[in-house]
2 protein chains.
Amino acid sequence: MDKQTITIYDVAREADVSMATVSRVVNGNANVKPATRKKVLDVIEKLDYRPNAVARGLASKKTTTVGVIVPDVTNMYFASLARGIDDVATMYKYNIILTNSDSNIEKEVKVLNTLLSKQVDGIVFMGNEISDKLREEFKRTKTPIVLAGSVDEQNLNPSVNIDYVAAVQEEVKNLIDRGNKRVAFVCGPLEQAINGKFRLEGYKRALKSAGIPFDDKLVFETDDTYKTGTLLQPALMSVNATAAMVTDDELAAGIMNGMSDAGITVPDQFEVITSNDTKLTEMVRPKMSSITQPLYDIGAVAMRLLTKLMNNEEVDEKKVLLPYGLMKRESTK
Amino acid sequence: MDKQTITIYDVAREADVSMATVSRVVNGNANVKPATRKKVLDVIEKLDYRPNAVARGLASKKTTTVGVIVPDVTNMYFASLARGIDDVATMYKYNIILTNSDSNIEKEVKVLNTLLSKQVDGIVFMGNEISDKLREEFKRTKTPIVLAGSVDEQNLNPSVNIDYVAAVQEEVKNLIDRGNKRVAFVCGPLEQAINGKFRLEGYKRALKSAGIPFDDKLVFETDDTYKTGTLLQPALMSVNATAAMVTDDELAAGIMNGMSDAGITVPDQFEVITSNDTKLTEMVRPKMSSITQPLYDIGAVAMRLLTKLMNNEEVDEKKVLLPYGLMKRESTK
DNA sequence: GATTTATTTGAAAACGTTTTCAGTTTGCTG
DNA sequence: CAGCAAACTGAAAACGTTTTCAAATAAATC
């Protein structure tokens, strides 16, 4: 009836050695005579013994599991990061517990705590904003936490990102250089540091060095959704914008489609640049020009960094900035 | 230096009760005098005690964790299912360990085994095909496994899907009724039962009841990628197809864009129907007509089913078929 | 071949819970 | 207020590993 599991003890008995020895061979410990090793291995094979990772976790205080907190896997941007994370996690023999937070502050805190109670060895956090409450929790725990594609103004945790300020600044400069006097900045919630502190800053700097005064009528704070994008055309027109720097690909796709549907041609009458270079940029017509980010790599590097932290290795650089690029496609002139 | 963790024993001592009692209040067991409960709760609060889920798992043989095997989270279709799974998992206090298999047979088997060694309480599997090896592993374990959006010809595991045969048949019938004499069937690998056994069957049935002979020149077996889709236009034209039933949204988007780029207008000169109704269908121009599947719900229902199985509850229907729909958008006449 | 040193091994104590079973209280009943 | 059932509580044994420490064995040295 019952699970009828083979334990390390069964193997020990059958192989006529102690549990300790079995444990050693299972863990590849060198201090075991080759003959003994073979004997044990044979029994393991014969009995089809599989170590119980939970017991192992309790005894060793390591679960080889890391927690991954993500706003929504359904979002291409985060899905790509998650994929990078999982791949290098697998490479280092970790599994990931994936949780969606919907960027909800309470949920984030709650989920963090259940991950900790599950004794994960580390956590990679993705989120648009780190609430004070969450930051407190981060501080409280000894479990290493790294941020992937997410910034914290207070810079307390290791993180991997691109230089959002520089990327946006460069793109907006290009837009201006091409003759756009009124470039809109369409972004997600400004209370999120990545938008309110970094990208907006890049936008302002580009304006400044072009000698164009900042006009807050040109900044559109949205909820980052496709739908919202489709509805933005009238507002954009009413402020005489001729181009938009957009912080999310779905949002940008919405804007473009909204424009097209209203008879405005992109890029001739309106230029659009987006920020995440997800594959959506290629699927939409015209294809969207974008800041390119090494999405997969951001996840992968974050996870790699985490493995070092979990291993108590020295890390030279806790703030890693991966290179970004500018991909000209068809939504810009 | 060390983690300095508060254990149940610390709470017991401080509250002057036994571990058993603390355990009871933590687990909401009714047999505790209210006064005692309060006393313990206060100490828990004061000491900030957090139960160790690993120890709990070992003692209770339940981990409140389920494994989720998915070909690739980066694929919208699966990401949506995964989201549904996670949401109802959370609802029932489970966490999910998410692993990407790339539909690789060895990887699937390997990952299944590591999930089992981690003592997950259940597994939801998504995959295009169930290899014999994998099926054997499925049979070996007592851990409940349900398939989400995935069919197994041998029908051994509970699953949740839509009626792929009927859906495709219906869509192809519509295409034929609208005057298309040569409807292409563009699909992923035919060795995958979902394509080779189900969708293709629907296609054939539609043909048959319209009295059109099956022509295998009209079936295009692909790898389900956007890129491949963009390259298909010449082949499609060369067999005089005037419409295509496509089994994947990204693939379909590729086909449409390939057509447009070649100057063929959709839907006037070529109609396209796709199968998964991911949000991509709305973002592309023209918007794609699609079979609609309750993606999120497929995941959600699968997870709900799994909770019942894990709980040893009776389940009336092990093969659940959720309703599909047909969404007419702009890629069909 | 007696020592010394290195290599292998095993016994038993963790790890932090849940759970069983017996014992203790408490509350009722008449 | 005896007697009995019901409600509550605690001791201790799991759960299946890892790890420490000492003991046993083998190898090396002179």
# chains A, B, ... in the order shown; residues from 1 in each chain; ligands from 1
call {"tool": "residues_around", "arguments": {"residues": "region 12-27 of chain C", "least_positions_apart": "6", "cutoff": "8 Å", "atoms": "only C-alpha atoms (C1' of nucleotides)", "output": "mmCIF file with all heavy atoms, in the first residue's frame"}}
result
data_model
loop_
_atom_site.group_PDB
_atom_site.id
_atom_site.type_symbol
_atom_site.label_atom_id
_atom_site.label_comp_id
_atom_site.auth_asym_id
_atom_site.auth_seq_id
_atom_site.Cartn_x
_atom_site.Cartn_y
_atom_site.Cartn_z
ATOM 1 N N LEU A 58 17.356 18.382 5.123
ATOM 2 C CA LEU A 58 17.288 18.607 6.569
ATOM 3 C C LEU A 58 18.659 18.385 7.207
ATOM 4 O O LEU A 58 19.118 19.184 8.016
ATOM 5 C CB LEU A 58 16.261 17.659 7.192
ATOM 6 C CG LEU A 58 16.075 17.819 8.699
ATOM 7 C CD1 LEU A 58 15.650 19.241 9.030
ATOM 8 C CD2 LEU A 58 15.033 16.831 9.217
ATOM 9 N N ALA A 59 19.302 17.308 6.796
ATOM 10 C CA ALA A 59 20.580 16.978 7.408
ATOM 11 C C ALA A 59 21.695 17.934 6.993
ATOM 12 O O ALA A 59 22.542 18.295 7.790
ATOM 13 C CB ALA A 59 20.960 15.547 7.060
ATOM 14 N N SER A 60 21.679 18.325 5.749
ATOM 15 C CA SER A 60 22.792 19.124 5.249
ATOM 16 C C SER A 60 22.524 20.616 5.260
ATOM 17 O O SER A 60 23.421 21.421 5.019
ATOM 18 C CB SER A 60 23.120 18.703 3.824
ATOM 19 O OG SER A 60 22.067 19.091 2.962
ATOM 20 N N LYS A 61 21.282 20.962 5.484
ATOM 21 C CA LYS A 61 20.896 22.375 5.441
ATOM 22 C C LYS A 61 21.118 23.001 4.081
ATOM 23 O O LYS A 61 21.395 24.191 3.962
ATOM 24 C CB LYS A 61 21.626 23.167 6.525
ATOM 25 C CG LYS A 61 21.198 22.787 7.930
ATOM 26 C CD LYS A 61 22.141 23.396 8.942
ATOM 27 C CE LYS A 61 21.585 23.261 10.344
ATOM 28 N NZ LYS A 61 20.435 24.169 10.573
ATOM 29 N N THR B 7 13.713 27.280 16.614
ATOM 30 C CA THR B 7 13.014 26.041 16.297
ATOM 31 C C THR B 7 11.770 25.906 17.154
ATOM 32 O O THR B 7 11.535 26.672 18.081
ATOM 33 C CB THR B 7 13.907 24.814 16.543
ATOM 34 O OG1 THR B 7 14.045 24.632 17.949
ATOM 35 C CG2 THR B 7 15.264 25.008 15.909
ATOM 36 N N ILE B 8 11.044 24.896 16.817
ATOM 37 C CA ILE B 8 9.811 24.633 17.542
ATOM 38 C C ILE B 8 10.123 24.366 19.001
ATOM 39 O O ILE B 8 9.323 24.623 19.895
ATOM 40 C CB ILE B 8 9.093 23.418 16.905
ATOM 41 C CG1 ILE B 8 7.634 23.389 17.310
ATOM 42 C CG2 ILE B 8 9.791 22.122 17.258
ATOM 43 C CD1 ILE B 8 6.852 22.324 16.570
ATOM 44 N N SER B 23 3.357 22.328 17.780
ATOM 45 C CA SER B 23 3.047 21.799 16.465
ATOM 46 C C SER B 23 1.549 21.892 16.205
ATOM 47 O O SER B 23 1.118 22.292 15.125
ATOM 48 C CB SER B 23 3.511 20.352 16.361
ATOM 49 O OG SER B 23 3.141 19.809 15.126
ATOM 50 N N ASN B 52 10.131 25.226 9.755
ATOM 51 C CA ASN B 52 11.026 24.770 8.709
ATOM 52 C C ASN B 52 10.301 23.760 7.838
ATOM 53 O O ASN B 52 9.992 22.651 8.261
ATOM 54 C CB ASN B 52 12.259 24.142 9.361
ATOM 55 C CG ASN B 52 13.211 23.575 8.344
ATOM 56 O OD1 ASN B 52 12.803 23.066 7.297
ATOM 57 N ND2 ASN B 52 14.495 23.672 8.630
ATOM 58 N N ALA B 55 11.918 20.173 7.359
ATOM 59 C CA ALA B 55 11.704 19.243 8.464
ATOM 60 C C ALA B 55 10.261 18.766 8.447
ATOM 61 O O ALA B 55 9.965 17.581 8.627
ATOM 62 C CB ALA B 55 12.013 19.927 9.783
ATOM 63 N N ARG B 56 9.406 19.684 8.209
ATOM 64 C CA ARG B 56 8.006 19.355 8.124
ATOM 65 C C ARG B 56 7.758 18.302 7.043
ATOM 66 O O ARG B 56 7.024 17.343 7.231
ATOM 67 C CB ARG B 56 7.239 20.619 7.752
ATOM 68 C CG ARG B 56 6.121 20.927 8.706
ATOM 69 C CD ARG B 56 5.090 21.707 8.013
ATOM 70 N NE ARG B 56 5.262 23.136 8.232
ATOM 71 C CZ ARG B 56 4.271 23.867 8.766
ATOM 72 N NH1 ARG B 56 3.148 23.293 9.169
ATOM 73 N NH2 ARG B 56 4.420 25.155 8.890
ATOM 74 N N GLY B 57 8.394 18.531 5.912
ATOM 75 C CA GLY B 57 8.235 17.614 4.793
ATOM 76 C C GLY B 57 8.727 16.226 5.137
ATOM 77 O O GLY B 57 8.106 15.222 4.770
ATOM 78 N N LEU B 58 9.812 16.187 5.850
ATOM 79 C CA LEU B 58 10.360 14.881 6.194
ATOM 80 C C LEU B 58 9.428 14.149 7.152
ATOM 81 O O LEU B 58 9.129 12.977 6.978
ATOM 82 C CB LEU B 58 11.741 15.045 6.840
ATOM 83 C CG LEU B 58 12.447 13.743 7.202
ATOM 84 C CD1 LEU B 58 12.626 12.865 5.972
ATOM 85 C CD2 LEU B 58 13.799 14.023 7.843
ATOM 86 N N ALA B 59 8.957 14.866 8.119
ATOM 87 C CA ALA B 59 8.114 14.229 9.125
ATOM 88 C C ALA B 59 6.737 13.861 8.585
ATOM 89 O O ALA B 59 6.192 12.814 8.915
ATOM 90 C CB ALA B 59 7.972 15.147 10.336
ATOM 91 N N SER B 60 6.204 14.717 7.767
ATOM 92 C CA SER B 60 4.823 14.490 7.340
ATOM 93 C C SER B 60 4.729 13.811 5.984
ATOM 94 O O SER B 60 3.663 13.407 5.551
ATOM 95 C CB SER B 60 4.087 15.831 7.257
ATOM 96 O OG SER B 60 4.626 16.596 6.204
ATOM 97 P P DA D 7 -15.209 16.824 23.235
ATOM 98 O OP1 DA D 7 -16.103 17.895 22.736
ATOM 99 O OP2 DA D 7 -14.698 15.772 22.325
ATOM 100 O "O5'" DA D 7 -13.978 17.521 23.949
ATOM 101 C "C5'" DA D 7 -14.232 18.342 25.088
ATOM 102 C "C4'" DA D 7 -12.915 18.765 25.667
ATOM 103 O "O4'" DA D 7 -12.280 17.622 26.279
ATOM 104 C "C3'" DA D 7 -11.921 19.303 24.638
ATOM 105 O "O3'" DA D 7 -11.429 20.523 25.165
ATOM 106 C "C2'" DA D 7 -10.849 18.225 24.546
ATOM 107 C "C1'" DA D 7 -10.911 17.615 25.940
ATOM 108 N N9 DA D 7 -10.494 16.221 26.048
ATOM 109 C C8 DA D 7 -10.915 15.151 25.312
ATOM 110 N N7 DA D 7 -10.369 14.010 25.675
ATOM 111 C C5 DA D 7 -9.547 14.365 26.733
ATOM 112 C C6 DA D 7 -8.693 13.611 27.563
ATOM 113 N N6 DA D 7 -8.544 12.283 27.447
ATOM 114 N N1 DA D 7 -8.011 14.275 28.509
ATOM 115 C C2 DA D 7 -8.172 15.605 28.625
ATOM 116 N N3 DA D 7 -8.951 16.416 27.919
ATOM 117 C C4 DA D 7 -9.612 15.723 26.975
ATOM 118 P P DC D 8 -10.429 21.417 24.253
ATOM 119 O OP1 DC D 8 -10.577 22.827 24.681
ATOM 120 O OP2 DC D 8 -10.568 21.049 22.838
ATOM 121 O "O5'" DC D 8 -9.030 20.890 24.787
ATOM 122 C "C5'" DC D 8 -8.659 21.247 26.116
ATOM 123 C "C4'" DC D 8 -7.413 20.506 26.511
ATOM 124 O "O4'" DC D 8 -7.537 19.100 26.293
ATOM 125 C "C3'" DC D 8 -6.131 20.918 25.798
ATOM 126 O "O3'" DC D 8 -5.408 21.699 26.737
ATOM 127 C "C2'" DC D 8 -5.444 19.583 25.463
ATOM 128 C "C1'" DC D 8 -6.228 18.577 26.288
ATOM 129 N N1 DC D 8 -6.339 17.178 25.790
ATOM 130 C C2 DC D 8 -5.665 16.172 26.467
ATOM 131 O O2 DC D 8 -4.954 16.457 27.440
ATOM 132 N N3 DC D 8 -5.784 14.890 26.039
ATOM 133 C C4 DC D 8 -6.562 14.593 24.996
ATOM 134 N N4 DC D 8 -6.668 13.325 24.623
ATOM 135 C C5 DC D 8 -7.277 15.610 24.295
ATOM 136 C C6 DC D 8 -7.141 16.879 24.725
ATOM 137 P P DT D 9 -3.956 22.272 26.312
ATOM 138 O OP1 DT D 9 -3.585 23.304 27.297
ATOM 139 O OP2 DT D 9 -3.937 22.565 24.875
ATOM 140 O "O5'" DT D 9 -3.056 21.011 26.587
ATOM 141 C "C5'" DT D 9 -2.621 20.748 27.919
ATOM 142 C "C4'" DT D 9 -1.672 19.572 27.914
ATOM 143 O "O4'" DT D 9 -2.284 18.468 27.248
ATOM 144 C "C3'" DT D 9 -0.371 19.814 27.168
ATOM 145 O "O3'" DT D 9 0.636 19.946 28.150
ATOM 146 C "C2'" DT D 9 -0.184 18.615 26.267
ATOM 147 C "C1'" DT D 9 -1.259 17.646 26.760
ATOM 148 N N1 DT D 9 -1.892 16.766 25.737
ATOM 149 C C2 DT D 9 -1.706 15.419 25.847
ATOM 150 O O2 DT D 9 -1.034 14.898 26.715
ATOM 151 N N3 DT D 9 -2.344 14.669 24.881
ATOM 152 C C4 DT D 9 -3.140 15.151 23.850
ATOM 153 O O4 DT D 9 -3.667 14.388 23.057
ATOM 154 C C5 DT D 9 -3.297 16.574 23.798
ATOM 155 C C7 DT D 9 -4.128 17.199 22.735
ATOM 156 C C6 DT D 9 -2.673 17.325 24.734
#
call {"tool": "residues_around", "arguments": {"residues": "Tyr92 (chain B)", "least_positions_apart": "6", "cutoff": "12 Å", "atoms": "only C-alpha atoms (C1' of nucleotides)", "output": "MDAnalysis selection string"}}
result
chainID B and resid 64:66 85:86 300 303:308 310:311
call {"tool": "write_last_selection", "arguments": {"atoms": "N, CA, C and O atoms", "output": "short mmCIF file (atom, residue, chain, number, x, y, z; two decimals), in the first residue's frame"}}
result
data_model
loop_
_atom_site.label_atom_id
_atom_site.label_comp_id
_atom_site.auth_asym_id
_atom_site.auth_seq_id
_atom_site.Cartn_x
_atom_site.Cartn_y
_atom_site.Cartn_z
N THR B 64 4.11 20.05 0.09
CA THR B 64 3.31 21.15 -0.47
C THR B 64 4.04 21.82 -1.62
O THR B 64 4.04 23.05 -1.75
N THR B 65 4.65 21.01 -2.41
CA THR B 65 5.34 21.49 -3.60
C THR B 65 4.98 20.55 -4.74
O THR B 65 4.94 19.34 -4.55
N VAL B 66 4.69 21.11 -5.89
CA VAL B 66 4.43 20.25 -7.04
C VAL B 66 5.41 20.59 -8.15
O VAL B 66 5.88 21.72 -8.26
N ILE B 85 -1.57 27.31 -13.60
CA ILE B 85 -1.13 26.31 -12.63
C ILE B 85 -0.67 26.97 -11.35
O ILE B 85 -1.08 26.60 -10.25
N ASP B 86 0.19 27.96 -11.49
CA ASP B 86 0.74 28.59 -10.29
C ASP B 86 -0.36 29.25 -9.47
O ASP B 86 -0.36 29.18 -8.24
N ALA B 300 -5.13 25.87 -14.90
CA ALA B 300 -5.81 25.96 -13.61
C ALA B 300 -6.58 24.69 -13.29
O ALA B 300 -6.48 24.15 -12.18
N MET B 303 -4.28 21.81 -12.46
CA MET B 303 -3.75 21.90 -11.10
C MET B 303 -4.83 21.55 -10.07
O MET B 303 -4.57 20.86 -9.10
N ARG B 304 -6.02 22.01 -10.34
CA ARG B 304 -7.12 21.69 -9.43
C ARG B 304 -7.33 20.19 -9.35
O ARG B 304 -7.52 19.60 -8.29
N LEU B 305 -7.29 19.57 -10.52
CA LEU B 305 -7.43 18.12 -10.60
C LEU B 305 -6.32 17.45 -9.79
O LEU B 305 -6.56 16.50 -9.03
N LEU B 306 -5.13 17.99 -9.93
CA LEU B 306 -4.00 17.42 -9.21
C LEU B 306 -4.19 17.52 -7.70
O LEU B 306 -3.88 16.57 -6.96
N THR B 307 -4.73 18.63 -7.25
CA THR B 307 -4.95 18.76 -5.80
C THR B 307 -5.88 17.65 -5.31
O THR B 307 -5.67 17.08 -4.25
N LYS B 308 -6.88 17.36 -6.11
CA LYS B 308 -7.79 16.28 -5.71
C LYS B 308 -7.05 14.95 -5.64
O LYS B 308 -7.21 14.19 -4.69
N MET B 310 -3.92 14.44 -5.17
CA MET B 310 -2.97 14.43 -4.06
C MET B 310 -3.70 14.21 -2.75
O MET B 310 -3.13 13.72 -1.79
N ASN B 311 -4.95 14.58 -2.77
CA ASN B 311 -5.75 14.48 -1.57
C ASN B 311 -6.54 13.17 -1.51
O ASN B 311 -7.39 12.99 -0.65
#
call {"tool": "select_by_dssp", "arguments": {"residues": "region 98-258 of chain B", "states": "alpha helix (DSSP H)", "output": "VMD selection string"}}
result
chain B and resid 105 to 117 132 to 140 164 to 177 193 200 to 209 226 to 230 233 to 238 249 to 258
call {"tool": "atom_distance", "arguments": {"atom1": "CA of Lys173 (chain A)", "atom2": "CA of Leu207 (chain A)"}}
result
7.4 Å
call {"tool": "residues_around", "arguments": {"residues": "Gly188 (chain B)", "least_positions_apart": "5", "cutoff": "7 Å", "atoms": "only C-alpha atoms (C1' of nucleotides)", "output": "list in words"}}
result
Asn195, Glu221, Thr222, Asp223, Asp224 and Thr247 of chain B
call {"tool": "residues_around", "arguments": {"residues": "region 71-74 of chain A", "least_positions_apart": "2", "cutoff": "6 Å", "atoms": "only C-alpha atoms (C1' of nucleotides)", "output": "VMD selection string"}}
result
(chain A and resid 78 to 79 100 to 103 127) or (chain B and resid 79 to 80)
call {"tool": "residues_around", "arguments": {"residues": "Leu231 (chain B)", "least_positions_apart": "2", "cutoff": "12 Å", "atoms": "only C-alpha atoms (C1' of nucleotides)", "output": "PyMOL selection string"}}
result
chain B and resi 220+222+225-229+233-237+251-262
call {"tool": "interface_residues", "arguments": {"of": "chain D", "to": "chain A", "cutoff": "8 Å", "atoms": "only C-alpha atoms (C1' of nucleotides)", "output": "PyMOL selection string"}}
result
chain D and resi 15-18
